[in-house]
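What follows is the content of upload_25.cif, which has mmCIF, C-alpha atoms and all ligand atoms:
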data_target
loop_
_atom_site.label_atom_id
_atom_site.label_comp_id
_atom_site.auth_asym_id
_atom_site.auth_seq_id
_atom_site.Cartn_x
_atom_site.Cartn_y
_atom_site.Cartn_z
CA MET A 25 29.67 -9.18 13.15
CA SER A 26 26.78 -9.04 15.62
CA ASP A 27 26.20 -6.00 17.81
CA THR A 28 23.42 -4.39 19.80
CA ARG A 29 22.03 -0.92 19.24
CA HIS A 30 19.66 0.74 21.66
CA THR A 31 17.27 3.52 20.65
CA ARG A 32 14.37 5.28 22.29
CA VAL A 33 12.29 4.82 19.13
CA LEU A 34 12.78 2.15 16.50
CA ILE A 35 10.97 2.86 13.24
CA ILE A 36 10.51 -0.20 11.04
CA GLY A 37 9.89 0.68 7.39
CA SER A 38 10.96 3.43 5.01
CA GLY A 39 7.80 4.46 3.15
CA PRO A 40 6.04 7.81 3.69
CA ALA A 41 4.88 6.69 7.15
CA GLY A 42 8.35 5.65 8.31
CA TYR A 43 10.21 8.71 7.02
CA THR A 44 7.58 11.09 8.41
CA ALA A 45 7.78 9.35 11.79
CA GLY A 46 11.56 9.79 11.48
CA VAL A 47 11.22 13.55 10.92
CA TYR A 48 8.88 14.03 13.88
CA ALA A 49 10.70 11.70 16.29
CA SER A 50 14.03 13.39 15.45
CA ARG A 51 12.58 16.85 16.02
CA ALA A 52 11.28 15.59 19.39
CA MET A 53 14.94 14.75 20.24
CA LEU A 54 14.20 11.03 20.51
CA GLU A 55 17.20 10.10 18.31
CA PRO A 56 15.26 7.45 16.38
CA ILE A 57 16.72 4.61 14.36
CA LEU A 58 14.85 3.78 11.15
CA VAL A 59 15.38 0.37 9.54
CA GLN A 60 14.57 0.52 5.84
CA GLY A 61 13.71 -3.07 4.97
CA ILE A 62 13.95 -4.80 1.65
CA GLU A 63 12.36 -1.91 -0.26
CA PRO A 64 14.00 1.38 0.78
CA GLY A 65 11.46 4.12 0.05
CA GLY A 66 8.52 1.72 0.00
CA GLN A 67 5.79 1.31 -2.59
CA LEU A 68 6.18 4.71 -4.24
CA THR A 69 9.58 3.65 -5.57
CA THR A 70 7.68 1.29 -7.88
CA THR A 71 5.68 3.98 -9.64
CA THR A 72 6.31 6.92 -11.96
CA GLU A 73 4.18 10.10 -11.75
CA VAL A 74 2.55 10.99 -8.46
CA GLU A 75 0.07 13.83 -8.83
CA ASN A 76 -1.54 13.92 -5.40
CA TRP A 77 1.35 14.68 -3.08
CA PRO A 78 0.56 18.19 -1.77
CA GLY A 79 3.08 20.78 -2.89
CA ASP A 80 4.15 18.86 -6.01
CA THR A 81 1.84 19.08 -9.02
CA GLU A 82 3.77 16.14 -10.40
CA VAL A 83 6.67 14.23 -8.90
CA GLN A 84 8.28 10.91 -9.73
CA GLY A 85 7.65 8.40 -6.90
CA PRO A 86 11.34 7.40 -6.48
CA ASP A 87 12.43 11.09 -6.42
CA LEU A 88 9.86 11.90 -3.73
CA MET A 89 11.12 9.05 -1.56
CA ILE A 90 14.77 10.12 -1.96
CA ARG A 91 13.72 13.58 -0.75
CA MET A 92 11.81 12.11 2.22
CA GLU A 93 14.85 10.04 3.21
CA ALA A 94 17.11 13.09 2.99
CA HIS A 95 14.62 15.09 5.05
CA ALA A 96 14.48 12.50 7.85
CA LYS A 97 18.29 12.22 7.82
CA ALA A 98 18.72 16.01 7.95
CA MET A 99 16.52 16.13 11.05
CA GLY A 100 18.81 13.61 12.77
CA CYS A 101 17.14 10.27 12.10
CA GLU A 102 19.63 7.43 11.78
CA ILE A 103 18.70 5.39 8.73
CA ILE A 104 19.95 1.83 8.48
CA GLY A 105 19.77 -0.58 5.55
CA ASP A 106 18.66 -3.72 7.33
CA ILE A 107 15.61 -5.99 7.54
CA ILE A 108 13.93 -6.80 10.84
CA THR A 109 13.40 -10.55 10.99
CA SER A 110 11.70 -10.79 14.40
CA LEU A 111 10.28 -8.52 17.06
CA ASP A 112 10.01 -9.57 20.70
CA THR A 113 7.26 -7.54 22.32
CA THR A 114 7.23 -9.53 25.57
CA GLN A 115 10.16 -7.73 27.15
CA ARG A 116 11.13 -4.09 27.70
CA PRO A 117 13.00 -2.69 26.02
CA PHE A 118 11.52 -4.38 22.97
CA VAL A 119 14.01 -6.48 20.99
CA ALA A 120 14.16 -6.52 17.20
CA GLN A 121 16.52 -8.80 15.36
CA GLY A 122 18.14 -7.46 12.18
CA ASP A 123 19.04 -9.67 9.24
CA SER A 124 22.53 -8.10 9.36
CA GLY A 125 23.15 -9.64 12.77
CA THR A 126 22.49 -6.40 14.64
CA THR A 127 20.05 -6.59 17.55
CA TYR A 128 18.00 -3.43 18.08
CA THR A 129 16.56 -2.72 21.51
CA ALA A 130 13.95 0.03 21.73
CA ASP A 131 11.83 1.74 24.36
CA ALA A 132 9.11 2.25 21.76
CA VAL A 133 8.55 0.84 18.27
CA ILE A 134 6.73 2.39 15.32
CA LEU A 135 5.66 -0.19 12.76
CA CYS A 136 5.47 1.18 9.21
CA THR A 137 5.86 -1.99 7.16
CA GLY A 138 3.13 -1.13 4.66
CA ALA A 139 1.03 -3.40 2.50
CA ARG A 140 1.19 -5.05 -0.88
CA ALA A 141 -1.39 -5.17 -3.61
CA LYS A 142 -2.14 -8.72 -4.68
CA TRP A 143 -1.33 -9.39 -8.32
CA LEU A 144 -2.29 -12.15 -10.71
CA GLY A 145 1.32 -13.06 -11.48
CA LEU A 146 1.16 -12.85 -15.28
CA PRO A 147 4.40 -11.83 -17.07
CA SER A 148 2.49 -9.28 -19.21
CA GLU A 149 0.91 -7.78 -16.07
CA GLU A 150 4.42 -7.30 -14.65
CA ALA A 151 5.68 -5.86 -17.94
CA PHE A 152 3.05 -3.11 -18.03
CA LYS A 153 2.92 -2.24 -14.30
CA GLY A 154 3.07 1.53 -14.12
CA PHE A 155 2.43 1.75 -17.89
CA GLY A 156 -1.29 0.98 -17.96
CA VAL A 157 -1.49 -1.74 -15.32
CA SER A 158 -2.30 -0.48 -11.83
CA ALA A 159 -3.68 -1.67 -8.50
CA CYS A 160 -4.82 1.75 -7.28
CA ALA A 161 -7.73 3.62 -8.86
CA THR A 162 -7.34 6.58 -6.48
CA CYS A 163 -3.70 6.92 -7.54
CA ASP A 164 -4.01 6.36 -11.28
CA GLY A 165 -7.66 6.76 -12.36
CA PHE A 166 -7.10 10.39 -13.33
CA PHE A 167 -4.66 9.31 -16.07
CA TYR A 168 -7.50 7.54 -17.95
CA ARG A 169 -9.88 10.40 -18.63
CA GLY A 170 -12.14 9.52 -21.56
CA GLN A 171 -10.50 6.10 -22.06
CA GLU A 172 -11.80 2.54 -21.90
CA ILE A 173 -10.45 0.49 -19.02
CA VAL A 174 -10.93 -2.91 -17.41
CA VAL A 175 -11.08 -3.87 -13.74
CA ILE A 176 -10.22 -7.41 -12.63
CA GLY A 177 -11.91 -8.85 -9.55
CA GLY A 178 -15.26 -9.49 -7.93
CA GLY A 179 -15.06 -8.35 -4.32
CA ASN A 180 -15.66 -5.02 -2.59
CA THR A 181 -12.32 -3.64 -3.80
CA ALA A 182 -13.12 -4.36 -7.44
CA VAL A 183 -16.63 -2.91 -7.25
CA GLU A 184 -15.46 0.23 -5.45
CA GLU A 185 -12.59 0.71 -7.90
CA ALA A 186 -14.91 0.21 -10.90
CA LEU A 187 -17.43 2.74 -9.56
CA PHE A 188 -14.70 5.27 -8.79
CA LEU A 189 -13.15 4.84 -12.23
CA THR A 190 -16.41 5.81 -13.95
CA ASN A 191 -15.55 9.37 -12.89
CA PHE A 192 -12.83 9.32 -15.54
CA ALA A 193 -13.24 6.45 -17.98
CA SER A 194 -15.66 6.36 -20.92
CA LYS A 195 -16.28 2.65 -20.23
CA VAL A 196 -15.30 0.23 -17.47
CA THR A 197 -15.44 -3.51 -18.10
CA LEU A 198 -15.47 -5.49 -14.87
CA ILE A 199 -13.97 -8.93 -15.49
CA HIS A 200 -14.85 -11.62 -12.98
CA ARG A 201 -14.29 -15.37 -12.99
CA ARG A 202 -17.73 -16.09 -11.49
CA ASP A 203 -21.20 -14.82 -12.35
CA GLU A 204 -21.83 -13.10 -9.05
CA LEU A 205 -19.94 -10.57 -7.01
CA ARG A 206 -18.67 -10.97 -3.43
CA ALA A 207 -19.37 -7.37 -2.52
CA GLU A 208 -21.84 -5.50 -0.34
CA LYS A 209 -25.33 -5.45 -1.84
CA ILE A 210 -25.52 -1.67 -1.90
CA LEU A 211 -22.29 -1.53 -3.94
CA ILE A 212 -23.52 -4.21 -6.33
CA ASP A 213 -26.76 -2.27 -6.88
CA ARG A 214 -24.83 0.88 -7.68
CA LEU A 215 -22.55 -1.01 -10.04
CA MET A 216 -25.42 -2.67 -11.91
CA LYS A 217 -27.20 0.66 -12.37
CA ASN A 218 -24.11 2.46 -13.66
CA PRO A 219 -24.41 2.83 -17.46
CA LYS A 220 -20.62 3.08 -17.86
CA ILE A 221 -19.91 -0.33 -16.29
CA ALA A 222 -20.24 -3.58 -18.23
CA PRO A 223 -19.61 -6.76 -16.19
CA LEU A 224 -18.03 -9.66 -18.07
CA TRP A 225 -18.78 -12.87 -16.17
CA HIS A 226 -16.92 -16.19 -16.26
CA HIS A 227 -13.72 -14.67 -17.65
CA VAL A 228 -10.14 -14.43 -16.43
CA LEU A 229 -7.29 -12.29 -17.65
CA GLU A 230 -4.92 -14.19 -19.92
CA GLU A 231 -2.65 -11.45 -21.18
CA VAL A 232 -2.17 -7.70 -21.24
CA VAL A 233 -1.41 -6.56 -24.78
CA GLY A 234 0.46 -3.34 -25.49
CA THR A 235 3.20 -1.48 -27.29
CA ASP A 236 6.81 -0.91 -26.26
CA ASN A 237 7.38 2.48 -27.82
CA PRO A 238 5.65 4.37 -26.37
CA LYS A 239 5.08 1.84 -23.63
CA GLY A 240 1.38 1.40 -22.97
CA VAL A 241 -1.59 -0.93 -22.90
CA GLU A 242 -3.79 -1.44 -25.97
CA ALA A 243 -6.03 -4.37 -24.97
CA VAL A 244 -6.49 -7.41 -22.77
CA ARG A 245 -7.02 -11.00 -23.81
CA VAL A 246 -9.51 -12.75 -21.57
CA LYS A 247 -10.47 -16.42 -21.42
CA HIS A 248 -13.90 -17.89 -20.76
CA VAL A 249 -13.42 -20.21 -17.75
CA GLU A 250 -15.73 -22.91 -19.15
CA THR A 251 -15.28 -22.81 -22.93
CA GLY A 252 -11.68 -21.57 -23.02
CA GLU A 253 -12.64 -19.09 -25.73
CA ILE A 254 -10.32 -16.08 -25.93
CA THR A 255 -11.69 -12.58 -26.47
CA GLU A 256 -9.72 -9.38 -26.94
CA ILE A 257 -11.03 -6.23 -25.28
CA PRO A 258 -9.51 -2.89 -26.30
CA CYS A 259 -8.53 -0.74 -23.30
CA LYS A 260 -5.88 1.71 -22.14
CA GLY A 261 -5.87 0.78 -18.46
CA VAL A 262 -6.03 -2.45 -16.47
CA PHE A 263 -6.86 -2.21 -12.76
CA VAL A 264 -6.14 -5.38 -10.82
CA ALA A 265 -8.43 -5.24 -7.80
CA ILE A 266 -8.13 -8.59 -6.07
CA GLY A 267 -7.17 -7.25 -2.64
CA HIS A 268 -4.21 -6.17 -0.54
CA ALA A 269 -2.02 -7.96 1.98
CA PRO A 270 -0.66 -5.94 4.92
CA ALA A 271 2.97 -6.70 5.80
CA ASN A 272 2.11 -7.90 9.31
CA GLU A 273 4.56 -10.85 9.52
CA LEU A 274 6.49 -9.41 12.49
CA VAL A 275 3.41 -8.95 14.68
CA LYS A 276 0.58 -11.08 13.34
CA ASP A 277 0.64 -13.42 16.35
CA VAL A 278 0.95 -10.75 19.04
CA LEU A 279 -1.02 -7.69 17.98
CA GLU A 280 -4.73 -7.36 17.51
CA LEU A 281 -5.55 -7.34 13.78
CA HIS A 282 -8.73 -6.65 11.84
CA ASN A 283 -10.15 -6.28 8.32
CA GLY A 284 -8.13 -9.19 6.98
CA GLY A 285 -4.82 -8.73 8.76
CA TYR A 286 -4.39 -4.97 9.19
CA VAL A 287 -2.94 -3.90 12.54
CA LYS A 288 -5.72 -2.47 14.69
CA VAL A 289 -5.05 0.90 16.29
CA GLU A 290 -7.17 2.80 18.78
CA ALA A 291 -9.53 5.20 17.03
CA GLY A 292 -7.88 8.58 16.48
CA SER A 293 -4.42 7.33 17.45
CA THR A 294 -1.67 4.94 16.38
CA ARG A 295 -1.62 2.93 19.63
CA THR A 296 -1.80 -0.82 19.02
CA SER A 297 -2.96 -3.48 21.46
CA ILE A 298 0.53 -3.51 23.08
CA PRO A 299 1.55 -0.31 24.92
CA GLY A 300 4.72 1.14 23.42
CA ILE A 301 4.12 -0.37 19.98
CA PHE A 302 2.63 2.06 17.48
CA ALA A 303 1.58 1.45 13.88
CA ALA A 304 1.15 3.78 10.93
CA GLY A 305 0.50 3.79 7.20
CA ASP A 306 -0.86 1.07 4.96
CA LEU A 307 -0.15 -1.56 7.62
CA THR A 308 -3.10 -0.20 9.58
CA ASP A 309 -5.22 1.18 6.77
CA HIS A 310 -7.46 -1.01 4.63
CA LYS A 311 -9.35 2.00 3.33
CA TYR A 312 -7.34 5.01 2.12
CA ARG A 313 -3.90 3.55 1.32
CA GLN A 314 -2.33 6.81 0.16
CA ALA A 315 1.09 8.38 0.60
CA VAL A 316 -0.35 11.44 2.27
CA THR A 317 -2.50 9.49 4.73
CA SER A 318 0.48 7.25 5.53
CA ALA A 319 2.67 10.28 6.15
CA GLY A 320 -0.05 11.75 8.38
CA MET A 321 -0.17 8.57 10.43
CA GLY A 322 3.64 8.54 10.63
CA CYS A 323 3.45 11.98 12.22
CA MET A 324 0.76 10.77 14.65
CA ALA A 325 2.82 7.72 15.59
CA ALA A 326 5.91 9.77 16.44
CA LEU A 327 3.83 12.15 18.56
CA ASP A 328 2.02 9.24 20.25
CA ALA A 329 5.38 7.56 20.97
CA GLU A 330 6.80 10.80 22.37
CA HIS A 331 3.82 11.23 24.73
CA TRP A 332 3.90 7.60 25.79
CA LEU A 333 7.64 7.71 26.53
CA ALA A 334 7.18 10.89 28.57
CA GLU A 335 4.45 9.16 30.59
CA GLN A 336 6.81 6.27 31.39
CA GLU A 337 9.42 8.56 32.97
C1 LIG A 401 2.37 1.34 -8.11
C2 LIG A 401 1.84 2.19 -6.99
C3 LIG A 401 1.48 3.49 -7.25
C4 LIG A 401 1.00 4.31 -6.22
N1 LIG A 401 0.68 5.59 -6.50
C5 LIG A 401 0.28 6.41 -5.50
C6 LIG A 401 -0.01 7.77 -5.75
O1 LIG A 401 0.06 8.23 -6.90
N2 LIG A 401 -0.38 8.54 -4.70
C7 LIG A 401 -0.50 8.05 -3.42
O2 LIG A 401 -0.81 8.80 -2.50
N3 LIG A 401 -0.25 6.74 -3.16
C8 LIG A 401 0.14 5.93 -4.16
N4 LIG A 401 0.38 4.61 -3.91
C9 LIG A 401 0.14 4.11 -2.54
C10 LIG A 401 1.32 4.51 -1.63
O3 LIG A 401 2.52 4.12 -2.24
C11 LIG A 401 1.16 3.86 -0.27
O4 LIG A 401 -0.09 4.23 0.29
C12 LIG A 401 2.28 4.28 0.66
O5 LIG A 401 3.54 4.03 0.11
C13 LIG A 401 2.17 3.55 1.99
O6 LIG A 401 3.22 4.01 2.78
P1 LIG A 401 3.75 3.21 4.03
O7 LIG A 401 4.80 4.07 4.63
O8 LIG A 401 2.63 2.78 4.87
O9 LIG A 401 4.41 1.87 3.49
P2 LIG A 401 5.15 1.39 2.18
O10 LIG A 401 5.36 2.46 1.19
O11 LIG A 401 4.44 0.16 1.78
O12 LIG A 401 6.58 0.99 2.76
C14 LIG A 401 6.74 -0.11 3.60
C15 LIG A 401 8.18 -0.14 4.09
O13 LIG A 401 8.32 -1.14 5.07
C16 LIG A 401 9.54 -1.79 4.88
N5 LIG A 401 9.48 -3.09 5.54
C17 LIG A 401 8.58 -4.08 5.37
N6 LIG A 401 8.90 -5.13 6.15
C18 LIG A 401 10.00 -4.77 6.84
C19 LIG A 401 10.84 -5.43 7.77
N7 LIG A 401 10.58 -6.68 8.18
N8 LIG A 401 11.93 -4.78 8.26
C20 LIG A 401 12.19 -3.51 7.88
N9 LIG A 401 11.44 -2.84 7.00
C21 LIG A 401 10.37 -3.47 6.47
C22 LIG A 401 9.70 -1.83 3.37
O14 LIG A 401 11.05 -2.03 3.00
C23 LIG A 401 9.18 -0.45 2.99
O15 LIG A 401 10.23 0.47 3.07
C24 LIG A 401 0.87 3.78 -4.90
C25 LIG A 401 1.23 2.45 -4.65
C26 LIG A 401 1.71 1.66 -5.67
C27 LIG A 401 2.10 0.24 -5.38
#
Starting from the file, give its structure as structure tokens.
Amino acid sequence: MSDTRHTRVLIIGSGPAGYTAGVYASRAMLEPILVQGIEPGGQLTTTTEVENWPGDTEVQGPDLMIRMEAHAKAMGCEIIGDIITSLDTTQRPFVAQGDSGTTYTADAVILCTGARAKWLGLPSEEAFKGFGVSACATCDGFFYRGQEIVVIGGGNTAVEEALFLTNFASKVTLIHRRDELRAEKILIDRLMKNPKIAPLWHHVLEEVVGTDNPKGVEAVRVKHVETGEITEIPCKGVFVAIGHAPANELVKDVLELHNGGYVKVEAGSTRTSIPGIFAAGDLTDHKYRQAVTSAGMGCMAALDAEHWLAEQE
């Protein structure tokens, strides 16, 4: 059955940015509607321990997101299990189409659709995600103190991740399919001078090797791109650092983007290139990509939306 729901603030996405926007917009009496999308709770529902959420020395990602949802709901945010399939920003109120058939009209929209790490697509990579395979050195590097790890990739992300991981790991092997890096020169210089980092050129990851009980990584098998020769490298962690893709599908043709598809916001705010449309979290952030920074931007977006709506009256 199709119906139309109007709200002052439509929040699209249910990660830390979305739920925090929900808390703030509810407490500003804006009676927001939050549409959760295909992954209720967002990226943190795909991980186990989170050790950098302030106030929790350690918390399981899915548990944290259940608490955030309950918090937003308790403040009065209406949370709906639906997916927004299109957003019309040319008319006011803005019109968002839900996959359920519901049409949402909104005076202001807060986009919190997040981003996705790019993966290689190997079955063994999938099998050990969260158990030794990661795409976030800031999130998981701390778990590999004194261990040998590998980083896959050859761009800025890979070089930055490899350098950061030397704070914890005893050795970092950087595996790259070519024999030169596509990163800034200053980063390459730092990488080459770092005694803990050993680049391995002309190789690609073939397989992550590990144990089931306890579940964890023991090594990677890598293949030489020219000779096909397979080598096994012992390691406890595998960091796939081949980039991220912001979930910008709803707005990629209408909003100003930068840094490879991230929604551009005015410095120090969450205002996008269209008045009344705000963006927060990983969708706008090619740099920090953390739960706490996303939550902070969700707060900013709700406050920015509140001020903007007040100005319109
Ligand atoms: C495995 C893993 C481990 C991590 N560990 C940590 C950690 O330890 N500490 C840390 O701080 N960060 C960690 N991160 C990063 C952290 O999860 C992200 O920075 C954070 O979740 C980003 O929040 P967000 O609200 O911007 O978006 P996301 O969490 O990406 O959520 C995006 C939301 O948008 C929704 N959505 C997308 N498209 C639509 C649509 N069309 N309609 C409706 N909804 C839509 C999705 O369903 C989802 O709910 C980790 C990430 C991963 C993948």
Residues within 7 Å of ligand LIG 401 (chain A) should be enumerated using all atoms listed in the file and returned as a PyMOL selection string. chain A and resi 36-42+59-68+70-71+73-77+106-109+136-141+154+158-160+163-164+271+274+304-307+313-316+318-319
Taking 4 positions as the minimum chain separation for residues in the same chain, which residues sit within 8 Å of Phe302 of chain A when counting all atoms listed in the file? Answer as a list in words.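 Near Phe302 of chain A, the qualifying residues are Ala132, Val133, Ile134, Leu135, Val289, Thr294, Arg295, Thr296, Ala325, Asp328 and Ala329 of chain A.
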Hey, can you check how far atom CA of Cys259 of chain A sits from atom CA of Gly179 of chain A? 21.5 Å
If you measure from atom CA of Ala49 of chain A to atom CA of Ala130 of chain A, what distance in Å do you get, rounded to one decimal?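 Separating atom CA of Ala49 of chain A from atom CA of Ala130 of chain A is a distance of 13.3 Å.
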Nearest residue to Arg51 of chain A out of A:Leu88, A:Ala98, A:Val228, A:Ile35, using only C-alpha atoms? A:Ala98
Residues within 8 Å of segment 181-191 of chain A, all atoms listed in the file, excluding chain neighbours under 4 positions, as an MDAnalysis selection string: chainID A and resid 160:162 165 175:177 195:196 198 207 211:212 214:215 218 220:221 264:267
Pairwise distance for atom CA of Ile173 of chain A and atom CA of Ile210 of chain A, rounded to one decimal in Å: 22.9 Å
Counting only C-alpha atoms, the option among A:Met216, A:Ile103, A:Met321, A:Met89 closest to Thr69 of chain A: A:Met89
If we count all atoms listed in the file and set the cut-off at 12 Å, which residues sit around Gly125 of chain A, ignoring sequence neighbours fewer than 2 positions away in its own chain? Please answer as a ChimeraX atom specification. /A:25-29,106-110,120-123,127-128
Find the residues around Arg32 of chain A up to 8 Å (all atoms listed in the file counted), leave out those fewer than 2 positions away in its own chain, and share them as a PyMOL selection string. chain A and resi 30+34+54-56+130-132
Need to verify the contact set: Ala52 of chain A, 12 Å, only C-alpha atoms, exclusion of same-chain residues closer than 3 positions in sequence. Can you return it as a PyMOL selection string? chain A and resi 32-33+45-49+55-56+99-101+323+326-331+333-334
For segment 100-111 of chain A, which lacks atoms in the input, supply N, CA and C atoms and format the output as a compact mmCIF listing (two decimals), keeping the file's coordinate frame.
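Done, and the output landed in result18.txt:
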# COMPACT_ATOMS: atom_id res chain seq x y z
N GLY A 100 18.06 14.35 11.75
CA GLY A 100 18.81 13.61 12.77
C GLY A 100 18.42 12.15 12.90
N CYS A 101 17.55 11.68 12.03
CA CYS A 101 17.14 10.27 12.10
C CYS A 101 18.27 9.39 11.55
N GLU A 102 18.62 8.35 12.28
CA GLU A 102 19.63 7.43 11.78
C GLU A 102 18.94 6.37 10.91
N ILE A 103 19.38 6.29 9.68
CA ILE A 103 18.70 5.39 8.73
C ILE A 103 19.62 4.22 8.41
N ILE A 104 19.11 3.02 8.61
CA ILE A 104 19.95 1.83 8.48
C ILE A 104 19.36 0.88 7.45
N GLY A 105 20.20 0.41 6.55
CA GLY A 105 19.77 -0.58 5.55
C GLY A 105 19.82 -1.97 6.16
N ASP A 106 18.73 -2.40 6.69
CA ASP A 106 18.66 -3.72 7.33
C ASP A 106 17.20 -4.19 7.24
N ILE A 107 16.98 -5.43 7.53
CA ILE A 107 15.61 -5.99 7.54
C ILE A 107 15.37 -6.57 8.94
N ILE A 108 14.25 -6.23 9.53
CA ILE A 108 13.93 -6.80 10.84
C ILE A 108 13.30 -8.18 10.61
N THR A 109 13.90 -9.18 11.22
CA THR A 109 13.40 -10.55 10.99
C THR A 109 12.50 -11.04 12.12
N SER A 110 12.61 -10.42 13.31
CA SER A 110 11.70 -10.79 14.40
C SER A 110 11.61 -9.63 15.38
N LEU A 111 10.48 -9.59 16.07
CA LEU A 111 10.28 -8.52 17.06
C LEU A 111 9.72 -9.16 18.32
